[in-house]
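Enquirer: Mind looking over this structure? Questions follow.
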Amino acid sequence: MGMPRIDSAPDTSGDREAADAAEQVLAGLDEQQRAAALAVQGPVCILAGAGTGKTRTITHRIAYGVHTGVYVPEQVLAVTFTARAAGELRGRLSALGVGGVQARTFHAAAMRQLRYFAPRVLGGPMPELIENKLRVVAAAASRARLSTDRTSLRDLASEIEWAKTTLATPEDYPSRAKAAGREAPFEAAAVAEVYRSYESAKQRDGALDFEDLLLVTAYALEEHRDVAREVRGQYRHFVVDEYQDVNPLQQRLLDAWLGGRADVCVVGDPNQTIYSFTGADPDHLLGFADRYPDAEVVKLERDYRSTPQVVGLANKLIGQAPPRRGLPGLRLLGQRRDGAEPRFVEHPDEPSEAAAVARACRELVDGGLPASEIAVLFRINAQSQVYESALTDVGVPYVLKGGERFFERPEVREALLLLRGAAAGGSEPGALVPTVRDVLASTGWVEHRPPAGGAARDRWQSLAALVDLAVDLVAEEPTLDLPGFVAHLAERASAQHAPTVQGVTLASMHAAKGLEWDAVFVVGLVDGVLPIAQSLGRPDAVEEERRLLYVAVTRAREQLTLSWSLARNPGGRRSRPRSRFLDGLAPDAAAPLTRRSAKRPKVVLDGEAGERFERLRAWRSSTAQAASVPAYVVFTDATLQAIAEARPASLRELSGLPGIGSRKLELYGDGVLATLAG
Ligand code: ATP
Ligand code: MG
């Protein structure tokens with residue numbers, strides 16, 4: 001009776017599409033990389049040098065697993081070490097058409113799970129998190145009757161962190177610290193006492209620190225069967241990037257997640273181990289094949305990231321490290337076309353170094369290289385300030401440590417609220433960009449007027465990034481309206497995927513791990529900064545510093561500049577030796593970067609002129625101090641040298657010398673003459 005039924009043939013077009021996508025994913029890999037990607041069920045270990053495509057391989061491997069239907073995306077957990085690197089993984093996965101995979105830091109993954117299980121395993125809601133240990137450590141130290149200052153408190157906190165990440169209890173601490181050659185600010189027994197007291201104070205307050213987060217999550221999985229069943233049912237495939245820096249605490253959590261299963265893929269480069277002094281241990285990577293005898297072990301040698309010139313330098317640098325037991329040679333083979341030789345540049349002082357780097361950035365940007373393809377990398381965060389102001393001086397935008405946590409910035413949150421409000425009021429089609437500008441203008445943001453330096457500038461740049469994003473999206477999809485844009489932002493925010501802020505990246509070498517740029521400036525390379533002063537005298541620590549430089553130089557795709565300055569401040573003694581790691585890499589006398597400094601004569605004066613020069617310098621230093629300005633603002637060394645040589649007897653004679661304008665003459669002329677006369 002009824003209507004004739006049309007039985008539809010099974011729709012296979014979706015399957016075919018997925019198979020095509022899977023093939024396409026494999027086509028983006030070389031033979032060795034493909035071997036790793038094809039081993040979708042693990043265990044897999046990729047042990048390979050910088051730029052050889054480890055991160056590319058794991059993202060492609062996940063995409064392949066998803067497209068072939070072996071993985072349910074939500075059951076894949078990819079972990080790495082920084083929020084930025086996790087964002088990078090998510091970005092690369094979504095470019096491969098894969099959504100739903102969890103890519104997180106160990107902490108973020110643990111936090112998410114513990115939040116959910118807290119009532120069951122802790123008997124209440126998620127406890128308060130101690131973001132900064134110092135206050136609690138200080139109280140514990142004073143209970144232990146130790147007299148501390150900021151530095152020793154920070155060192156105490158580091159010792160506690162080290163102990164916790166290496167799974168050492170307060171009782172274990174003294175012997176373990178001795179074996180590891182730790183240099184604590186107090187005797188081991190006293191540190192152990194502070195550690196014990198810190199732990200009990202925390203427990204009494206019902207608070208957790210960052211290490212507890214991992215520890216308690218691991219414990220929940222180890223001791224609570226139902227929790228283990230649920231978590232292990234949810235996550236079936238594990239991937240760890242940068243595995244050389246895994247510490248025993250993270251390894252314990254990984255083991256708890258796995259629960260004896262072997263579907264795990266780890267990738268890393270032992271030559272990039274840069275966290276061993278906080279407890280990381282590359283033996284987990286090097287020993288993986290022993291723990292999983294049936295593991296697919298893949299070695300990659302072809303460096304796809306950098307020019308042969310950069311690769312050559314990296315090979316030389318790491319080749320100078322003493323051989324390590326059990327460490328396979330990981331020489332890189334450059335795959336790209338030839339590029340410029342890396343440059344080594346010596347500067348008189350830090351502001352000149354920063355100014356030269358900023359000028360070079362300016363030239364690159366003027367030549368068409370996007371600022372976001374440039375990075376300036378330094379050893380310690382305090383070095384960033386001088387680069388921030390130098391870049392501001394030449395009008396090049398910068399971002400500190402990249403676009404981390406973009407959507408958590410208060411100005412961005414506020415902007416999103418306003419945009420959402422505006423979107424609710426309907427929207428004019430085809431006017432997205434001007435509408436976004438208008439909404440942001442209501443917060444006081446002025447498009448063409450970035451404020452100079454500091455927090456105000458960061459705020460301005462965040463909002464500018466939102467406008468840039470709107471411009472990019474409209475280029476792709478001209479009909480995009482405000483509600484569409486707001487929905488897009490919400491999606492990005494939930495993926496924590498910040499829009500690329502257009503600026504030169506200023507980052508510490510540690511934070512640069514895993515990332516890459518066309519042009520990289522590695523700055524401040526003096527002994528005592530790299531290797532850092534605290535490492536001197538401890539060979540292992542010095543080697544870790546060498547690896548840190550290896551990480552930094554291997555970030556460059558095409559252009560690499562390494563620089564240092566002889567004095568910290570202008571006019572200071574030019575006595576700082578360049579980093580020992582440059583010996584054998586850099587020519588003995590490095591070329592000055594700037595024409596200006598090239599022309600600047602070395603200050604070599606002897607006899608009376610030399611004495612006058614020293615007197616003038618002493619005068620300059622007290623004058624500068626009195627006016628609270630850096631010495632070079634008064635006069636540069638070159639000017640003082642000219643004065644010392646010419647020995648002017650009057651303001652008129654003085655005014656004829658280079659570097660003496662009428663303002664300087666007025667401000668300092670009498671002082672100079674008096675100094676020369678006296
Ligand atoms: P690091 O040790 O610094 O983290 P890595 O081994 O993870 O480096 P990737 O970042 O994955 O290296 O790759 C470096 C660069 O080389 C990337 O731009 C990547 O896209 C490119 N690349 C890697 N493998 C290939 C390939 N087979 N074909 C083309 N490009 C590749
Ligand atoms: Mg990588």
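By convention here, the chains of the structure tokens are called A, B, ... in the order presented, each chain's residues are numbered starting at 1, and ligands are numbered starting at 1 in the order presented.
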For ligand 2, list the contacting residues at 8 Å or closer, counting only C-alpha atoms and all ligand atoms, as a list of chain:residue names.

Expert: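 Counting only what the definition allows, namely only C-alpha atoms and all ligand atoms, the set is A:Ala50, A:Gly51, A:Gly53, A:Lys54, A:Thr55, A:Arg56, A:Asp241, A:Glu242, A:Gly268, A:Lys513, A:Gly514, A:Leu515.
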
Enquirer: Write out as a ChimeraX atom specification each polymer residue (protein, DNA or RNA) that has an atom no more than 9 Å from ligand 1, with only C-alpha atoms and all ligand atoms counted.

Expert: /A:27-31,33-34,48-59,241-242,267-269,272,300,302-306,512-516,551,554-555,557

Enquirer: In Å, how far is it from atom CA of A:His347 to atom CA of A:Ala321?

Expert: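 Distance reported for this atom pair: 26.8 Å.
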
Enquirer: So the first atom is atom CA of A:Asp172 and the second is atom CA of A:Pro185; what is the distance between them in Å, to one decimal place?

Expert: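 Those two atoms sit 17.6 Å apart.
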
Enquirer: Write out as a PyMOL selection string which residues come within 6 Å of stretch 386-390 of chain A when counting only C-alpha atoms, dropping same-chain ones fewer than 5 positions away.

Expert: chain A and resi 354-355+358

Enquirer: For the structure I just gave you, how does DSSP split stretch 312-403 of chain A - specifically, which residues are alpha helix (DSSP H)? Reply as a VMD selection string.

Expert: chain A and resid 312 to 319 350 to 366 384 to 393

Enquirer: Next, write the just-selected residues to a file, as a PDB file, in the first residue's frame, keeping C-alpha atoms as the atom set.

Expert:
```pdb
ATOM      1  CA  GLY A 312      75.580  24.374  10.399  1.00  0.00           C
ATOM      2  CA  LEU A 313      75.933  26.722  13.330  1.00  0.00           C
ATOM      3  CA  ALA A 314      73.550  24.633  15.456  1.00  0.00           C
ATOM      4  CA  ASN A 315      75.486  21.457  14.680  1.00  0.00           C
ATOM      5  CA  LYS A 316      78.762  23.109  15.580  1.00  0.00           C
ATOM      6  CA  LEU A 317      77.391  24.509  18.813  1.00  0.00           C
ATOM      7  CA  ILE A 318      76.001  21.226  20.074  1.00  0.00           C
ATOM      8  CA  GLY A 319      79.004  19.358  18.695  1.00  0.00           C
ATOM      9  CA  GLU A 350      73.259  47.308  26.091  1.00  0.00           C
ATOM     10  CA  PRO A 351      71.309  50.365  24.905  1.00  0.00           C
ATOM     11  CA  SER A 352      73.420  50.431  21.725  1.00  0.00           C
ATOM     12  CA  GLU A 353      72.853  46.727  21.248  1.00  0.00           C
ATOM     13  CA  ALA A 354      69.109  47.184  21.652  1.00  0.00           C
ATOM     14  CA  ALA A 355      69.079  50.211  19.358  1.00  0.00           C
ATOM     15  CA  ALA A 356      70.967  48.305  16.672  1.00  0.00           C
ATOM     16  CA  VAL A 357      68.623  45.323  16.923  1.00  0.00           C
ATOM     17  CA  ALA A 358      65.611  47.636  16.784  1.00  0.00           C
ATOM     18  CA  ARG A 359      66.985  49.359  13.690  1.00  0.00           C
ATOM     19  CA  ALA A 360      67.585  45.992  12.048  1.00  0.00           C
ATOM     20  CA  CYS A 361      63.971  45.023  12.866  1.00  0.00           C
ATOM     21  CA  ARG A 362      62.794  48.292  11.374  1.00  0.00           C
ATOM     22  CA  GLU A 363      64.720  47.560   8.162  1.00  0.00           C
ATOM     23  CA  LEU A 364      63.295  44.058   7.926  1.00  0.00           C
ATOM     24  CA  VAL A 365      59.764  45.336   8.429  1.00  0.00           C
ATOM     25  CA  ASP A 366      60.298  48.130   5.901  1.00  0.00           C
ATOM     26  CA  SER A 384      63.332  42.707  27.731  1.00  0.00           C
ATOM     27  CA  GLN A 385      62.848  46.257  28.984  1.00  0.00           C
ATOM     28  CA  VAL A 386      65.654  47.840  26.979  1.00  0.00           C
ATOM     29  CA  TYR A 387      64.362  46.116  23.823  1.00  0.00           C
ATOM     30  CA  GLU A 388      60.834  47.294  24.491  1.00  0.00           C
ATOM     31  CA  SER A 389      61.932  50.875  24.573  1.00  0.00           C
ATOM     32  CA  ALA A 390      64.305  50.543  21.606  1.00  0.00           C
ATOM     33  CA  LEU A 391      61.522  49.080  19.467  1.00  0.00           C
ATOM     34  CA  THR A 392      59.153  51.805  20.611  1.00  0.00           C
ATOM     35  CA  ASP A 393      61.745  54.381  19.573  1.00  0.00           C
TER      36      ASP A 393
END
```

Enquirer: Return the single residue from A:Leu525, A:Leu417, A:Ala228, A:Leu440 that is closest to A:Thr561, with distances computed using only C-alpha atoms.

Expert: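 Among the listed residues, the smallest separation from A:Thr561 belongs to A:Leu525.
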
Enquirer: Can you list, as a list of chain:residue names, every protein, DNA or RNA residue that comes within 9 Å of A:Gly97 when you count only C-alpha atoms, leaving out same-chain residues fewer than 3 positions away?

Expert: A:Ala21, A:Ala63, A:Arg92, A:Leu93, A:Ser94

Enquirer: How would the residues just picked look written out with N, CA, C and O atoms as a PDB file, in the first residue's frame?

Expert:
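Saved to part.pdb:
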```
ATOM      1  N   ALA A  21      41.314  12.783   2.835  1.00  0.00           N
ATOM      2  CA  ALA A  21      41.949  13.659   3.809  1.00  0.00           C
ATOM      3  C   ALA A  21      43.113  12.934   4.476  1.00  0.00           C
ATOM      4  O   ALA A  21      44.183  13.502   4.686  1.00  0.00           O
ATOM      5  N   ALA A  63      45.879  13.653  13.112  1.00  0.00           N
ATOM      6  CA  ALA A  63      44.919  13.887  12.018  1.00  0.00           C
ATOM      7  C   ALA A  63      44.691  12.591  11.242  1.00  0.00           C
ATOM      8  O   ALA A  63      43.555  12.265  10.881  1.00  0.00           O
ATOM      9  N   ARG A  92      47.643  23.982  14.690  1.00  0.00           N
ATOM     10  CA  ARG A  92      48.059  23.091  13.609  1.00  0.00           C
ATOM     11  C   ARG A  92      47.008  22.004  13.362  1.00  0.00           C
ATOM     12  O   ARG A  92      46.755  21.633  12.216  1.00  0.00           O
ATOM     13  N   LEU A  93      46.377  21.521  14.440  1.00  0.00           N
ATOM     14  CA  LEU A  93      45.345  20.497  14.267  1.00  0.00           C
ATOM     15  C   LEU A  93      44.141  21.057  13.521  1.00  0.00           C
ATOM     16  O   LEU A  93      43.589  20.398  12.637  1.00  0.00           O
ATOM     17  N   SER A  94      43.762  22.270  13.881  1.00  0.00           N
ATOM     18  CA  SER A  94      42.565  22.778  13.217  1.00  0.00           C
ATOM     19  C   SER A  94      42.870  23.078  11.756  1.00  0.00           C
ATOM     20  O   SER A  94      42.009  22.934  10.892  1.00  0.00           O
TER      21      SER A  94
END
```

Enquirer: Write out as a tab-separated table (two decimals) with N, CA and C atoms, in the first residue's frame the residues lying within 9 Å of A:Pro125, counting only C-alpha atoms and excluding same-chain residues fewer than 4 positions away.

Expert:
```tsv
chain	number	residue	atom	x	y	z
A	115	ARG	N	39.08	19.29	38.87
A	115	ARG	CA	37.89	20.09	39.14
A	115	ARG	C	36.65	19.20	39.15
A	116	TYR	N	36.63	18.30	38.21
A	116	TYR	CA	35.50	17.41	38.05
A	116	TYR	C	35.44	16.36	39.17
A	117	PHE	N	36.60	15.86	39.57
A	117	PHE	CA	36.62	14.78	40.55
A	117	PHE	C	36.81	15.24	41.99
A	118	ALA	N	37.05	16.55	42.17
A	118	ALA	CA	37.38	17.05	43.50
A	118	ALA	C	36.40	16.57	44.57
A	119	PRO	N	35.07	16.69	44.34
A	119	PRO	CA	34.15	16.28	45.40
A	119	PRO	C	34.37	14.82	45.80
```

Enquirer: Per DSSP on the backbone, filter stretch 80-128 of chain A down to the residues in strand (DSSP E) and report them as a ChimeraX atom specification.

Expert: /A:80,102-105,128

Enquirer: Record the distance separating atom CA of A:Tyr632 and atom CA of A:Pro570, expressed in Å with one decimal.

Expert: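 Computing the Euclidean distance for atom CA of A:Tyr632 and atom CA of A:Pro570 yields 5.6 Å.
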
Enquirer: Between A:Ala86, A:Leu146, A:Ile380, A:Val523, which one has atoms that come closest to A:Ala189, using only C-alpha atoms?

Expert: A:Leu146

Enquirer: Which neighbours of stretch 229-238 of chain A fall inside 6 Å, counting only C-alpha atoms, when residues of the same chain fewer than 5 positions from it are skipped, and could you give them as a PDB file with all heavy atoms, in the first residue's frame?

Expert:
```pdb
ATOM      1  N   GLN A  75      38.867  11.517  22.370  1.00  0.00           N
ATOM      2  CA  GLN A  75      39.593  10.545  23.191  1.00  0.00           C
ATOM      3  C   GLN A  75      41.104  10.686  23.075  1.00  0.00           C
ATOM      4  O   GLN A  75      41.859   9.877  23.588  1.00  0.00           O
ATOM      5  CB  GLN A  75      39.172   9.118  22.797  1.00  0.00           C
ATOM      6  CG  GLN A  75      37.708   8.868  23.124  1.00  0.00           C
ATOM      7  CD  GLN A  75      37.254   7.474  22.758  1.00  0.00           C
ATOM      8  OE1 GLN A  75      37.909   6.768  21.999  1.00  0.00           O
ATOM      9  NE2 GLN A  75      36.119   7.077  23.307  1.00  0.00           N
ATOM     10  N   VAL A  76      41.529  11.737  22.362  1.00  0.00           N
ATOM     11  CA  VAL A  76      42.969  11.959  22.212  1.00  0.00           C
ATOM     12  C   VAL A  76      43.386  13.081  23.165  1.00  0.00           C
ATOM     13  O   VAL A  76      42.767  14.143  23.190  1.00  0.00           O
ATOM     14  CB  VAL A  76      43.301  12.386  20.768  1.00  0.00           C
ATOM     15  CG1 VAL A  76      44.813  12.585  20.619  1.00  0.00           C
ATOM     16  CG2 VAL A  76      42.785  11.360  19.771  1.00  0.00           C
ATOM     17  N   LEU A  77      44.417  12.830  23.948  1.00  0.00           N
ATOM     18  CA  LEU A  77      44.946  13.875  24.827  1.00  0.00           C
ATOM     19  C   LEU A  77      46.400  14.146  24.446  1.00  0.00           C
ATOM     20  O   LEU A  77      47.252  13.262  24.564  1.00  0.00           O
ATOM     21  CB  LEU A  77      44.852  13.447  26.296  1.00  0.00           C
ATOM     22  CG  LEU A  77      45.399  14.438  27.324  1.00  0.00           C
ATOM     23  CD1 LEU A  77      44.707  15.798  27.228  1.00  0.00           C
ATOM     24  CD2 LEU A  77      45.245  13.883  28.746  1.00  0.00           C
ATOM     25  N   ALA A  78      46.639  15.347  23.953  1.00  0.00           N
ATOM     26  CA  ALA A  78      48.008  15.736  23.591  1.00  0.00           C
ATOM     27  C   ALA A  78      48.495  16.727  24.636  1.00  0.00           C
ATOM     28  O   ALA A  78      47.836  17.730  24.885  1.00  0.00           O
ATOM     29  CB  ALA A  78      48.025  16.371  22.209  1.00  0.00           C
ATOM     30  N   ASP A 263      49.175   3.016  24.409  1.00  0.00           N
ATOM     31  CA  ASP A 263      48.904   3.885  23.267  1.00  0.00           C
ATOM     32  C   ASP A 263      49.412   5.293  23.550  1.00  0.00           C
ATOM     33  O   ASP A 263      48.658   6.207  23.877  1.00  0.00           O
ATOM     34  CB  ASP A 263      47.405   3.904  22.952  1.00  0.00           C
ATOM     35  CG  ASP A 263      47.149   4.551  21.595  1.00  0.00           C
ATOM     36  OD1 ASP A 263      48.096   5.140  21.027  1.00  0.00           O
ATOM     37  OD2 ASP A 263      46.012   4.467  21.107  1.00  0.00           O
ATOM     38  N   VAL A 264      50.715   5.421  23.459  1.00  0.00           N
ATOM     39  CA  VAL A 264      51.338   6.695  23.789  1.00  0.00           C
ATOM     40  C   VAL A 264      52.433   6.980  22.769  1.00  0.00           C
ATOM     41  O   VAL A 264      53.154   6.083  22.341  1.00  0.00           O
ATOM     42  CB  VAL A 264      51.894   6.678  25.239  1.00  0.00           C
ATOM     43  CG1 VAL A 264      52.850   5.510  25.456  1.00  0.00           C
ATOM     44  CG2 VAL A 264      52.584   7.986  25.580  1.00  0.00           C
TER      45      VAL A 264
END
```
